[in-house]
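Undergrad: mmCIF, N, CA and C atoms, saved as final_6.cif, coming up:
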data_model
#
loop_
_atom_site.label_atom_id
_atom_site.label_comp_id
_atom_site.auth_asym_id
_atom_site.auth_seq_id
_atom_site.Cartn_x
_atom_site.Cartn_y
_atom_site.Cartn_z
N GLN J 1 111.18 95.66 88.27
CA GLN J 1 111.73 95.67 89.62
C GLN J 1 111.42 97.02 90.26
N VAL J 2 110.93 96.96 91.50
CA VAL J 2 110.56 98.18 92.20
C VAL J 2 111.82 98.96 92.60
N GLN J 3 111.77 100.26 92.38
CA GLN J 3 112.86 101.14 92.76
C GLN J 3 112.44 101.97 93.96
N LEU J 4 113.36 102.13 94.91
CA LEU J 4 113.16 103.00 96.07
C LEU J 4 114.22 104.09 96.02
N VAL J 5 113.78 105.34 96.10
CA VAL J 5 114.71 106.46 96.03
C VAL J 5 114.52 107.34 97.27
N GLU J 6 115.53 107.33 98.13
CA GLU J 6 115.49 108.13 99.36
C GLU J 6 116.15 109.48 99.12
N SER J 7 115.63 110.50 99.79
CA SER J 7 116.20 111.84 99.67
C SER J 7 115.89 112.64 100.93
N GLY J 8 116.54 113.80 101.04
CA GLY J 8 116.25 114.71 102.14
C GLY J 8 117.27 114.75 103.25
N GLY J 9 118.28 113.91 103.17
CA GLY J 9 119.30 113.91 104.22
C GLY J 9 120.20 115.13 104.13
N GLY J 10 121.09 115.24 105.10
CA GLY J 10 122.03 116.36 105.11
C GLY J 10 122.71 116.49 106.44
N LEU J 11 123.41 117.62 106.59
CA LEU J 11 124.10 117.94 107.83
C LEU J 11 123.24 118.90 108.64
N VAL J 12 123.00 118.57 109.89
CA VAL J 12 122.15 119.41 110.74
C VAL J 12 122.74 119.46 112.14
N GLN J 13 122.54 120.55 112.83
CA GLN J 13 123.03 120.69 114.19
C GLN J 13 122.14 119.92 115.17
N PRO J 14 122.69 119.52 116.30
CA PRO J 14 121.85 118.88 117.33
C PRO J 14 120.66 119.76 117.68
N GLY J 15 119.50 119.11 117.79
CA GLY J 15 118.26 119.84 118.05
C GLY J 15 117.52 120.25 116.79
N GLY J 16 118.15 120.08 115.65
CA GLY J 16 117.54 120.47 114.39
C GLY J 16 116.57 119.43 113.85
N SER J 17 116.06 119.73 112.65
CA SER J 17 115.06 118.86 112.03
C SER J 17 115.41 118.58 110.57
N LEU J 18 114.94 117.45 110.10
CA LEU J 18 115.04 117.07 108.69
C LEU J 18 113.80 116.27 108.32
N ARG J 19 113.45 116.34 107.05
CA ARG J 19 112.34 115.52 106.54
C ARG J 19 112.85 114.66 105.41
N LEU J 20 112.82 113.36 105.60
CA LEU J 20 113.25 112.43 104.57
C LEU J 20 112.05 111.98 103.73
N SER J 21 112.34 111.70 102.46
CA SER J 21 111.32 111.18 101.55
C SER J 21 111.81 109.91 100.90
N CYS J 22 110.88 109.01 100.62
CA CYS J 22 111.20 107.78 99.91
C CYS J 22 110.13 107.60 98.83
N ALA J 23 110.55 107.68 97.60
CA ALA J 23 109.64 107.50 96.47
C ALA J 23 109.75 106.07 95.97
N SER J 24 108.61 105.44 95.80
CA SER J 24 108.56 104.04 95.36
C SER J 24 107.91 103.93 93.99
N SER J 25 108.41 103.00 93.19
CA SER J 25 107.81 102.75 91.88
C SER J 25 106.80 101.60 91.94
N GLU J 26 106.50 101.15 93.18
CA GLU J 26 105.57 100.03 93.35
C GLU J 26 104.17 100.41 92.86
N ARG J 27 103.60 99.59 91.98
CA ARG J 27 102.30 99.90 91.40
C ARG J 27 101.18 99.83 92.45
N ILE J 28 101.35 98.92 93.41
CA ILE J 28 100.31 98.75 94.42
C ILE J 28 100.80 99.29 95.77
N PHE J 29 101.47 100.43 95.73
CA PHE J 29 102.10 101.02 96.91
C PHE J 29 101.13 101.14 98.07
N SER J 30 99.91 101.53 97.79
CA SER J 30 98.95 101.81 98.86
C SER J 30 98.62 100.56 99.70
N THR J 31 98.91 99.39 99.18
CA THR J 31 98.58 98.15 99.89
C THR J 31 99.77 97.58 100.65
N ILE J 32 100.90 98.27 100.60
CA ILE J 32 102.16 97.75 101.15
C ILE J 32 102.57 98.53 102.38
N GLY J 33 102.85 97.82 103.48
CA GLY J 33 103.44 98.48 104.65
C GLY J 33 104.87 98.88 104.35
N MET J 34 105.28 100.03 104.86
CA MET J 34 106.61 100.55 104.58
C MET J 34 107.34 100.87 105.88
N GLY J 35 108.66 100.99 105.79
CA GLY J 35 109.43 101.31 106.97
C GLY J 35 110.68 102.10 106.64
N TRP J 36 111.16 102.80 107.65
CA TRP J 36 112.46 103.47 107.57
C TRP J 36 113.44 102.72 108.46
N TYR J 37 114.67 102.59 107.96
CA TYR J 37 115.72 101.89 108.66
C TYR J 37 116.98 102.76 108.60
N ARG J 38 117.94 102.51 109.47
CA ARG J 38 119.17 103.29 109.43
C ARG J 38 120.35 102.40 109.78
N GLN J 39 121.49 102.79 109.26
CA GLN J 39 122.72 102.07 109.54
C GLN J 39 123.83 103.07 109.82
N ALA J 40 124.32 103.03 111.04
CA ALA J 40 125.44 103.88 111.44
C ALA J 40 126.74 103.15 111.16
N PRO J 41 127.83 103.88 111.02
CA PRO J 41 129.14 103.24 110.73
C PRO J 41 129.47 102.18 111.77
N GLY J 42 129.84 100.99 111.30
CA GLY J 42 130.23 99.91 112.19
C GLY J 42 129.10 99.22 112.91
N LYS J 43 127.86 99.58 112.57
CA LYS J 43 126.71 98.97 113.24
C LYS J 43 125.79 98.30 112.23
N GLN J 44 124.95 97.43 112.73
CA GLN J 44 123.97 96.77 111.87
C GLN J 44 122.82 97.72 111.55
N ARG J 45 122.16 97.45 110.45
CA ARG J 45 120.98 98.22 110.07
C ARG J 45 119.88 97.97 111.11
N GLU J 46 119.19 99.03 111.50
CA GLU J 46 118.15 98.89 112.52
C GLU J 46 116.87 99.57 112.09
N LEU J 47 115.78 99.08 112.67
CA LEU J 47 114.47 99.65 112.40
C LEU J 47 114.34 101.02 113.06
N VAL J 48 113.77 101.97 112.32
CA VAL J 48 113.46 103.29 112.88
C VAL J 48 111.96 103.41 113.10
N ALA J 49 111.19 103.15 112.04
CA ALA J 49 109.73 103.30 112.13
C ALA J 49 109.07 102.56 110.99
N THR J 50 107.85 102.12 111.22
CA THR J 50 107.07 101.49 110.16
C THR J 50 105.67 102.09 110.11
N ILE J 51 105.06 101.96 108.94
CA ILE J 51 103.67 102.40 108.78
C ILE J 51 102.96 101.37 107.92
N SER J 52 101.83 100.90 108.40
CA SER J 52 101.08 99.88 107.67
C SER J 52 100.33 100.51 106.51
N SER J 53 99.73 99.67 105.69
CA SER J 53 98.93 100.18 104.57
C SER J 53 97.75 100.99 105.09
N GLY J 54 97.30 100.69 106.30
CA GLY J 54 96.19 101.40 106.89
C GLY J 54 96.59 102.60 107.73
N GLY J 55 97.89 102.86 107.82
CA GLY J 55 98.35 104.04 108.53
C GLY J 55 98.78 103.80 109.97
N LYS J 56 98.77 102.56 110.43
CA LYS J 56 99.22 102.29 111.79
C LYS J 56 100.74 102.41 111.85
N THR J 57 101.23 103.11 112.87
CA THR J 57 102.66 103.38 112.96
C THR J 57 103.30 102.67 114.15
N ASN J 58 104.61 102.46 114.02
CA ASN J 58 105.40 101.83 115.06
C ASN J 58 106.78 102.46 115.04
N TYR J 59 107.34 102.70 116.24
CA TYR J 59 108.62 103.40 116.32
C TYR J 59 109.60 102.67 117.22
N ALA J 60 110.88 102.79 116.89
CA ALA J 60 111.92 102.33 117.81
C ALA J 60 111.88 103.22 119.04
N ASP J 61 112.19 102.65 120.18
CA ASP J 61 112.15 103.44 121.43
C ASP J 61 113.05 104.67 121.35
N SER J 62 114.15 104.54 120.64
CA SER J 62 115.13 105.63 120.59
C SER J 62 114.63 106.86 119.84
N VAL J 63 113.55 106.72 119.06
CA VAL J 63 113.06 107.86 118.27
C VAL J 63 111.64 108.26 118.64
N LYS J 64 111.01 107.53 119.53
CA LYS J 64 109.62 107.86 119.91
C LYS J 64 109.54 109.28 120.44
N GLY J 65 108.52 109.99 119.97
CA GLY J 65 108.32 111.37 120.40
C GLY J 65 109.13 112.38 119.62
N ARG J 66 110.07 111.93 118.82
CA ARG J 66 110.91 112.84 118.02
C ARG J 66 110.69 112.67 116.53
N PHE J 67 110.45 111.45 116.09
CA PHE J 67 110.29 111.15 114.66
C PHE J 67 108.83 110.82 114.36
N THR J 68 108.40 111.15 113.14
CA THR J 68 107.05 110.82 112.69
C THR J 68 107.12 110.25 111.29
N ILE J 69 106.56 109.07 111.10
CA ILE J 69 106.48 108.46 109.77
C ILE J 69 105.09 108.73 109.21
N ALA J 70 105.03 109.00 107.91
CA ALA J 70 103.76 109.26 107.24
C ALA J 70 103.87 108.78 105.80
N ARG J 71 102.74 108.65 105.15
CA ARG J 71 102.75 108.21 103.76
C ARG J 71 101.73 109.01 102.96
N ASN J 72 102.03 109.18 101.69
CA ASN J 72 101.11 109.80 100.73
C ASN J 72 100.96 108.81 99.59
N ASN J 73 99.86 108.06 99.60
CA ASN J 73 99.68 107.01 98.59
C ASN J 73 99.49 107.59 97.19
N ALA J 74 98.97 108.78 97.09
CA ALA J 74 98.79 109.40 95.77
C ALA J 74 100.13 109.71 95.13
N LYS J 75 101.15 109.89 95.97
CA LYS J 75 102.49 110.19 95.45
C LYS J 75 103.45 109.01 95.58
N ASN J 76 102.94 107.87 96.03
CA ASN J 76 103.80 106.68 96.21
C ASN J 76 105.03 107.02 97.05
N THR J 77 104.82 107.78 98.11
CA THR J 77 105.94 108.28 98.90
C THR J 77 105.69 108.07 100.38
N VAL J 78 106.75 107.71 101.10
CA VAL J 78 106.71 107.64 102.55
C VAL J 78 107.72 108.64 103.08
N TYR J 79 107.35 109.29 104.19
CA TYR J 79 108.16 110.36 104.76
C TYR J 79 108.63 109.99 106.17
N LEU J 80 109.70 110.64 106.58
CA LEU J 80 110.15 110.56 107.97
C LEU J 80 110.50 111.96 108.43
N GLN J 81 109.65 112.52 109.28
CA GLN J 81 109.94 113.82 109.87
C GLN J 81 110.76 113.58 111.13
N MET J 82 111.94 114.17 111.17
CA MET J 82 112.86 113.96 112.29
C MET J 82 113.09 115.29 113.00
N ASN J 83 112.68 115.36 114.24
CA ASN J 83 112.87 116.55 115.06
C ASN J 83 113.79 116.25 116.24
N SER J 84 114.29 117.30 116.87
CA SER J 84 115.16 117.16 118.04
C SER J 84 116.27 116.15 117.77
N LEU J 85 116.92 116.32 116.65
CA LEU J 85 117.95 115.35 116.25
C LEU J 85 119.14 115.36 117.20
N LYS J 86 119.70 114.18 117.37
CA LYS J 86 120.84 113.97 118.26
C LYS J 86 122.01 113.41 117.46
N PRO J 87 123.24 113.60 117.94
CA PRO J 87 124.39 113.03 117.22
C PRO J 87 124.25 111.52 116.97
N GLU J 88 123.61 110.81 117.88
CA GLU J 88 123.45 109.37 117.72
C GLU J 88 122.44 108.99 116.64
N ASP J 89 121.76 109.98 116.07
CA ASP J 89 120.88 109.73 114.91
C ASP J 89 121.66 109.70 113.61
N THR J 90 122.94 110.04 113.66
CA THR J 90 123.77 110.03 112.47
C THR J 90 123.84 108.63 111.87
N ALA J 91 123.47 108.52 110.60
CA ALA J 91 123.42 107.22 109.92
C ALA J 91 123.00 107.43 108.48
N VAL J 92 123.10 106.37 107.70
CA VAL J 92 122.45 106.35 106.39
C VAL J 92 121.05 105.78 106.59
N TYR J 93 120.07 106.51 106.09
CA TYR J 93 118.68 106.12 106.27
C TYR J 93 118.13 105.51 104.98
N TYR J 94 117.43 104.40 105.14
CA TYR J 94 116.87 103.66 104.02
C TYR J 94 115.38 103.42 104.25
N CYS J 95 114.66 103.23 103.16
CA CYS J 95 113.28 102.76 103.29
C CYS J 95 113.17 101.39 102.62
N ASN J 96 112.19 100.64 103.04
CA ASN J 96 111.90 99.34 102.44
C ASN J 96 110.55 98.88 102.98
N ALA J 97 110.11 97.74 102.49
CA ALA J 97 108.84 97.18 102.91
C ALA J 97 109.10 95.89 103.67
N PRO J 98 108.89 95.88 104.99
CA PRO J 98 109.11 94.65 105.75
C PRO J 98 108.14 93.56 105.33
N PHE J 99 108.67 92.34 105.25
CA PHE J 99 107.86 91.18 104.85
C PHE J 99 108.32 90.01 105.69
N GLY J 100 107.68 89.84 106.82
CA GLY J 100 108.14 88.84 107.78
C GLY J 100 109.51 89.25 108.30
N ASP J 101 110.45 88.32 108.22
CA ASP J 101 111.82 88.61 108.65
C ASP J 101 112.67 89.18 107.51
N GLU J 102 112.06 89.37 106.36
CA GLU J 102 112.83 89.85 105.22
C GLU J 102 112.21 91.16 104.70
N PHE J 103 112.62 91.53 103.48
CA PHE J 103 112.15 92.77 102.87
C PHE J 103 111.73 92.48 101.43
N ARG J 104 110.73 93.25 101.00
CA ARG J 104 110.18 93.00 99.66
C ARG J 104 111.12 93.41 98.55
N TYR J 105 111.90 94.47 98.77
CA TYR J 105 112.63 95.09 97.69
C TYR J 105 114.13 95.11 97.95
N SER J 106 114.89 95.32 96.88
CA SER J 106 116.32 95.58 97.04
C SER J 106 116.49 96.95 97.69
N TRP J 107 117.56 97.09 98.45
CA TRP J 107 117.79 98.36 99.12
C TRP J 107 118.21 99.44 98.13
N GLY J 108 117.74 100.67 98.37
CA GLY J 108 118.15 101.79 97.57
C GLY J 108 119.50 102.30 98.04
N GLN J 109 119.84 103.51 97.59
CA GLN J 109 121.16 104.06 97.92
C GLN J 109 121.17 104.70 99.30
N GLY J 110 119.99 104.95 99.85
CA GLY J 110 119.90 105.59 101.16
C GLY J 110 120.19 107.07 101.08
N THR J 111 119.99 107.74 102.22
CA THR J 111 120.30 109.16 102.31
C THR J 111 121.03 109.40 103.63
N GLN J 112 122.14 110.11 103.56
CA GLN J 112 123.00 110.32 104.72
C GLN J 112 122.43 111.43 105.61
N VAL J 113 122.32 111.14 106.89
CA VAL J 113 121.96 112.13 107.89
C VAL J 113 123.13 112.25 108.86
N THR J 114 123.63 113.47 109.01
CA THR J 114 124.73 113.73 109.92
C THR J 114 124.30 114.82 110.90
N VAL J 115 124.35 114.49 112.18
CA VAL J 115 123.97 115.45 113.22
C VAL J 115 125.24 115.82 113.98
N SER J 116 125.66 117.06 113.80
CA SER J 116 126.92 117.49 114.39
C SER J 116 126.95 119.00 114.50
N SER J 117 127.61 119.47 115.53
CA SER J 117 127.79 120.91 115.69
C SER J 117 129.11 121.35 115.06
#
Render the structure in this file as structure tokens.

TA:
Amino acid sequence: QVQLVESGGGLVQPGGSLRLSCASSERIFSTIGMGWYRQAPGKQRELVATISSGGKTNYADSVKGRFTIARNNAKNTVYLQMNSLKPEDTAVYYCNAPFGDEFRYSWGQGTQVTVSS
């Protein structure tokens, strides 16, 4: 069973930056599109950004121009660079591989991002 391990979250002031990492145990990671998702308290999980196996990226409107998704296939890792953070970015962030309307893997534990002064 593929394991996803998210890390890099923390407490940051508005306007600050964080870099999240997601390490995958998927043997064929380089062929799998990946995504970052987030869930704020009392809200549904939502898409943040995706990156295809070929490196094509897609972003939620709320993070365009502030967040950057990237992948390192040699390290089986996908990253999310988050700049100009806002309090509304506060959430638990997860990675997974979108597969149609579903996801390939079980969800990991996520990493908490809190933006507050």

Undergrad: Residues within 9 Å of Asn96 (chain J), please, as JSON, numbers by chain. Count only C-alpha atoms; anything in the same chain fewer than 6 positions from it doesn't count.

TA: {"J": [4, 22, 33, 34, 35, 36, 37, 103, 104, 105, 106, 107, 108]}

Undergrad: Report, in Å with one decimal, the straight-line distance from CA of Ala97 (chain J) to CA of Val12 (chain J).

TA: 27.1 Å

Undergrad: Any idea what the distance is between CA of Tyr59 (chain J) and CA of Met82 (chain J)?

TA: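 A separation of 12.1 Å between them.
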
Undergrad: Pick the closest to Pro98 (chain J) from J:Glu6, J:Val113, J:Ile32, J:Ser17: which is it, counting only C-alpha atoms?

TA: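 Residue with the minimum atom-to-atom distance to Pro98 (chain J): J:Ile32.
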
Undergrad: Starting from the shown file, work through the PyMOL selection byres ((chain J and resi 3) around 5) and note down what comes out as a PyMOL selection string.

TA: chain J and resi 1-2+4-5+24-25

Undergrad: Which residues would end up in the selection if the PyMOL selection byres ((chain J and resi 69) around 6) were applied here, given that I need the answer as a list in words?

TA: Phe67, Thr68, Ala70, Arg71, Tyr79, Leu80 and Gln81 of chain J

Undergrad: Compare J:Thr114, J:Gln44, J:Asn76, J:Ala49 by their minimum atom-to-atom distance to Asp89 (chain J), counting only N, CA and C atoms, and give me the closest one.

TA: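 Looking at the shortest contact to Asp89 (chain J), the residue is J:Thr114.
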
Undergrad: What lies within 10 Å of Arg38 (chain J) using only C-alpha atoms, ignoring chain neighbours under 4 positions off, as JSON, numbers by chain?

TA: {"J": [43, 44, 45, 46, 47, 48, 49, 89, 90, 91, 92, 93, 94, 95, 110, 111, 112, 113]}

Undergrad: Using the chain letters and numbers from the file, which residues does the PyMOL selection byres (((chain J and resi 31 and name CA) around 9) and name CA) grab, as a VMD selection string?

TA: chain J and resid 28 to 30 32 to 33 52 to 54

Undergrad: Would you return as a CSV table (one decimal) with N, CA and C atoms, in the frame of the given file the members of region 40-111 of chain J that DSSP assigns to strand (DSSP E or B) on this structure's backbone?

TA:
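Produced file selection_14.csv, reproduced below:
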chain,number,residue,atom,x,y,z
J,46,GLU,N,119.2,99.0,111.5
J,46,GLU,CA,118.2,98.9,112.5
J,46,GLU,C,116.9,99.6,112.1
J,47,LEU,N,115.8,99.1,112.7
J,47,LEU,CA,114.5,99.6,112.4
J,47,LEU,C,114.3,101.0,113.1
J,48,VAL,N,113.8,102.0,112.3
J,48,VAL,CA,113.5,103.3,112.9
J,48,VAL,C,112.0,103.4,113.1
J,49,ALA,N,111.2,103.2,112.0
J,49,ALA,CA,109.7,103.3,112.1
J,49,ALA,C,109.1,102.6,111.0
J,50,THR,N,107.8,102.1,111.2
J,50,THR,CA,107.1,101.5,110.2
J,50,THR,C,105.7,102.1,110.1
J,51,ILE,N,105.1,102.0,108.9
J,51,ILE,CA,103.7,102.4,108.8
J,51,ILE,C,103.0,101.4,107.9
J,57,THR,N,101.2,103.1,112.9
J,57,THR,CA,102.7,103.4,113.0
J,57,THR,C,103.3,102.7,114.2
J,58,ASN,N,104.6,102.5,114.0
J,58,ASN,CA,105.4,101.8,115.1
J,58,ASN,C,106.8,102.5,115.0
J,59,TYR,N,107.3,102.7,116.2
J,59,TYR,CA,108.6,103.4,116.3
J,59,TYR,C,109.6,102.7,117.2
J,67,PHE,N,110.4,111.4,116.1
J,67,PHE,CA,110.3,111.2,114.7
J,67,PHE,C,108.8,110.8,114.4
J,68,THR,N,108.4,111.2,113.1
J,68,THR,CA,107.0,110.8,112.7
J,68,THR,C,107.1,110.2,111.3
J,69,ILE,N,106.6,109.1,111.1
J,69,ILE,CA,106.5,108.5,109.8
J,69,ILE,C,105.1,108.7,109.2
J,70,ALA,N,105.0,109.0,107.9
J,70,ALA,CA,103.8,109.3,107.2
J,70,ALA,C,103.9,108.8,105.8
J,71,ARG,N,102.7,108.6,105.2
J,71,ARG,CA,102.8,108.2,103.8
J,71,ARG,C,101.7,109.0,103.0
J,72,ASN,N,102.0,109.2,101.7
J,72,ASN,CA,101.1,109.8,100.7
J,72,ASN,C,101.0,108.8,99.6
J,77,THR,N,104.8,107.8,98.1
J,77,THR,CA,105.9,108.3,98.9
J,77,THR,C,105.7,108.1,100.4
J,78,VAL,N,106.8,107.7,101.1
J,78,VAL,CA,106.7,107.6,102.6
J,78,VAL,C,107.7,108.6,103.1
J,79,TYR,N,107.4,109.3,104.2
J,79,TYR,CA,108.2,110.4,104.8
J,79,TYR,C,108.6,110.0,106.2
J,80,LEU,N,109.7,110.6,106.6
J,80,LEU,CA,110.2,110.6,108.0
J,80,LEU,C,110.5,112.0,108.4
J,81,GLN,N,109.6,112.5,109.3
J,81,GLN,CA,109.9,113.8,109.9
J,81,GLN,C,110.8,113.6,111.1
J,82,MET,N,111.9,114.2,111.2
J,82,MET,CA,112.9,114.0,112.3
J,82,MET,C,113.1,115.3,113.0
J,91,ALA,N,123.5,108.5,110.6
J,91,ALA,CA,123.4,107.2,109.9
J,91,ALA,C,123.0,107.4,108.5
J,92,VAL,N,123.1,106.4,107.7
J,92,VAL,CA,122.4,106.4,106.4
J,92,VAL,C,121.0,105.8,106.6
J,93,TYR,N,120.1,106.5,106.1
J,93,TYR,CA,118.7,106.1,106.3
J,93,TYR,C,118.1,105.5,105.0
J,94,TYR,N,117.4,104.4,105.1
J,94,TYR,CA,116.9,103.7,104.0
J,94,TYR,C,115.4,103.4,104.2
J,95,CYS,N,114.7,103.2,103.2
J,95,CYS,CA,113.3,102.8,103.3
J,95,CYS,C,113.2,101.4,102.6
J,96,ASN,N,112.2,100.6,103.0
J,96,ASN,CA,111.9,99.3,102.4
J,96,ASN,C,110.6,98.9,103.0
J,98,PRO,N,108.9,95.9,105.0
J,98,PRO,CA,109.1,94.6,105.8
J,98,PRO,C,108.1,93.6,105.3
J,99,PHE,N,108.7,92.3,105.2
J,99,PHE,CA,107.9,91.2,104.8
J,99,PHE,C,108.3,90.0,105.7
J,102,GLU,N,112.1,89.4,106.4
J,102,GLU,CA,112.8,89.8,105.2
J,102,GLU,C,112.2,91.2,104.7
J,103,PHE,N,112.6,91.5,103.5
J,103,PHE,CA,112.2,92.8,102.9
J,103,PHE,C,111.7,92.5,101.4
J,111,THR,N,120.0,107.7,102.2
J,111,THR,CA,120.3,109.2,102.3
J,111,THR,C,121.0,109.4,103.6

Undergrad: Within 6 Å of (118.6, 117.7, 113.7), only N, CA and C atoms: residues as a PDB file with N, CA and C atoms, in the frame of the given file?

TA:
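So the final result, stored in out_4.pdb, reads:
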ATOM      1  N   VAL J  12     123.000 118.570 109.890  1.00  0.00           N
ATOM      2  CA  VAL J  12     122.150 119.410 110.740  1.00  0.00           C
ATOM      3  C   VAL J  12     122.740 119.460 112.140  1.00  0.00           C
ATOM      4  N   GLN J  13     122.540 120.550 112.830  1.00  0.00           N
ATOM      5  CA  GLN J  13     123.030 120.690 114.190  1.00  0.00           C
ATOM      6  C   GLN J  13     122.140 119.920 115.170  1.00  0.00           C
ATOM      7  N   PRO J  14     122.690 119.520 116.300  1.00  0.00           N
ATOM      8  CA  PRO J  14     121.850 118.880 117.330  1.00  0.00           C
ATOM      9  C   PRO J  14     120.660 119.760 117.680  1.00  0.00           C
ATOM     10  N   GLY J  15     119.500 119.110 117.790  1.00  0.00           N
ATOM     11  CA  GLY J  15     118.260 119.840 118.050  1.00  0.00           C
ATOM     12  C   GLY J  15     117.520 120.250 116.790  1.00  0.00           C
ATOM     13  N   GLY J  16     118.150 120.080 115.650  1.00  0.00           N
ATOM     14  CA  GLY J  16     117.540 120.470 114.390  1.00  0.00           C
ATOM     15  C   GLY J  16     116.570 119.430 113.850  1.00  0.00           C
ATOM     16  N   SER J  17     116.060 119.730 112.650  1.00  0.00           N
ATOM     17  CA  SER J  17     115.060 118.860 112.030  1.00  0.00           C
ATOM     18  C   SER J  17     115.410 118.580 110.570  1.00  0.00           C
ATOM     19  N   LEU J  18     114.940 117.450 110.100  1.00  0.00           N
ATOM     20  CA  LEU J  18     115.040 117.070 108.690  1.00  0.00           C
ATOM     21  C   LEU J  18     113.800 116.270 108.320  1.00  0.00           C
ATOM     22  N   ASN J  83     112.680 115.360 114.240  1.00  0.00           N
ATOM     23  CA  ASN J  83     112.870 116.550 115.060  1.00  0.00           C
ATOM     24  C   ASN J  83     113.790 116.250 116.240  1.00  0.00           C
ATOM     25  N   SER J  84     114.290 117.300 116.870  1.00  0.00           N
ATOM     26  CA  SER J  84     115.160 117.160 118.040  1.00  0.00           C
ATOM     27  C   SER J  84     116.270 116.150 117.770  1.00  0.00           C
ATOM     28  N   LEU J  85     116.920 116.320 116.650  1.00  0.00           N
ATOM     29  CA  LEU J  85     117.950 115.350 116.250  1.00  0.00           C
ATOM     30  C   LEU J  85     119.140 115.360 117.200  1.00  0.00           C
ATOM     31  N   LYS J  86     119.700 114.180 117.370  1.00  0.00           N
ATOM     32  CA  LYS J  86     120.840 113.970 118.260  1.00  0.00           C
ATOM     33  C   LYS J  86     122.010 113.410 117.460  1.00  0.00           C
ATOM     34  N   VAL J 115     124.350 114.490 112.180  1.00  0.00           N
ATOM     35  CA  VAL J 115     123.970 115.450 113.220  1.00  0.00           C
ATOM     36  C   VAL J 115     125.240 115.820 113.980  1.00  0.00           C
TER      37      VAL J 115
END

Undergrad: From the list J:Phe99, J:Glu88, J:Ser21, J:Val78, which residue is nearest Ser62 (chain J) when using only C-alpha atoms?

TA: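 Among J:Phe99, J:Glu88, J:Ser21, J:Val78, it is J:Glu88 that comes nearest to Ser62 (chain J).
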
Undergrad: In Å, how far is it from CA of Ile51 (chain J) to CA of Ser116 (chain J)?

TA: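 Between CA of Ile51 (chain J) and CA of Ser116 (chain J) the gap is 28.3 Å.
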
Undergrad: Would you mind telling me which residue in J:Pro41, J:Val63, J:Gln109, J:Ala74 lies nearest to Gly9 (chain J) when using only C-alpha atoms?

TA: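 Of all the options, J:Gln109 lies closest to Gly9 (chain J).
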
Undergrad: At the level of N, CA and C atoms, write region 2-17 of chain J to a file as a JSON list (two decimals), in the first residue's frame, please.

TA:
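result_22.json, written as the output of this step:
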[["chain", "number", "residue", "atom", "x", "y", "z"],
["J", 2, "VAL", "N", 0.57, 2.19, -0.89],
["J", 2, "VAL", "CA", 1.37, 3.40, -1.00],
["J", 2, "VAL", "C", 1.14, 4.29, 0.22],
["J", 3, "GLN", "N", 2.24, 4.80, 0.74],
["J", 3, "GLN", "CA", 2.18, 5.73, 1.87],
["J", 3, "GLN", "C", 2.51, 7.14, 1.38],
["J", 4, "LEU", "N", 1.76, 8.11, 1.90],
["J", 4, "LEU", "CA", 2.01, 9.52, 1.63],
["J", 4, "LEU", "C", 2.32, 10.20, 2.96],
["J", 5, "VAL", "N", 3.44, 10.90, 3.01],
["J", 5, "VAL", "CA", 3.84, 11.56, 4.25],
["J", 5, "VAL", "C", 4.06, 13.04, 3.97],
["J", 6, "GLU", "N", 3.17, 13.87, 4.52],
["J", 6, "GLU", "CA", 3.27, 15.32, 4.35],
["J", 6, "GLU", "C", 4.06, 15.93, 5.50],
["J", 7, "SER", "N", 4.80, 16.99, 5.19],
["J", 7, "SER", "CA", 5.56, 17.69, 6.22],
["J", 7, "SER", "C", 5.78, 19.14, 5.80],
["J", 8, "GLY", "N", 6.27, 19.94, 6.75],
["J", 8, "GLY", "CA", 6.63, 21.32, 6.44],
["J", 8, "GLY", "C", 5.67, 22.37, 6.93],
["J", 9, "GLY", "N", 4.56, 21.95, 7.51],
["J", 9, "GLY", "CA", 3.60, 22.93, 8.01],
["J", 9, "GLY", "C", 4.10, 23.63, 9.27],
["J", 10, "GLY", "N", 3.31, 24.59, 9.73],
["J", 10, "GLY", "CA", 3.68, 25.31, 10.94],
["J", 10, "GLY", "C", 2.86, 26.57, 11.10],
["J", 11, "LEU", "N", 3.29, 27.39, 12.06],
["J", 11, "LEU", "CA", 2.65, 28.67, 12.32],
["J", 11, "LEU", "C", 3.46, 29.77, 11.65],
["J", 12, "VAL", "N", 2.80, 30.60, 10.88],
["J", 12, "VAL", "CA", 3.49, 31.67, 10.16],
["J", 12, "VAL", "C", 2.63, 32.92, 10.19],
["J", 13, "GLN", "N", 3.26, 34.07, 10.17],
["J", 13, "GLN", "CA", 2.52, 35.33, 10.15],
["J", 13, "GLN", "C", 1.99, 35.62, 8.75],
["J", 14, "PRO", "N", 0.92, 36.40, 8.66],
["J", 14, "PRO", "CA", 0.42, 36.81, 7.34],
["J", 14, "PRO", "C", 1.53, 37.45, 6.52],
["J", 15, "GLY", "N", 1.58, 37.06, 5.25],
["J", 15, "GLY", "CA", 2.64, 37.54, 4.37],
["J", 15, "GLY", "C", 3.86, 36.64, 4.33],
["J", 16, "GLY", "N", 3.91, 35.67, 5.22],
["J", 16, "GLY", "CA", 5.05, 34.77, 5.29],
["J", 16, "GLY", "C", 4.99, 33.65, 4.27],
["J", 17, "SER", "N", 5.98, 32.76, 4.37],
["J", 17, "SER", "CA", 6.10, 31.65, 3.42],
["J", 17, "SER", "C", 6.34, 30.33, 4.14]]
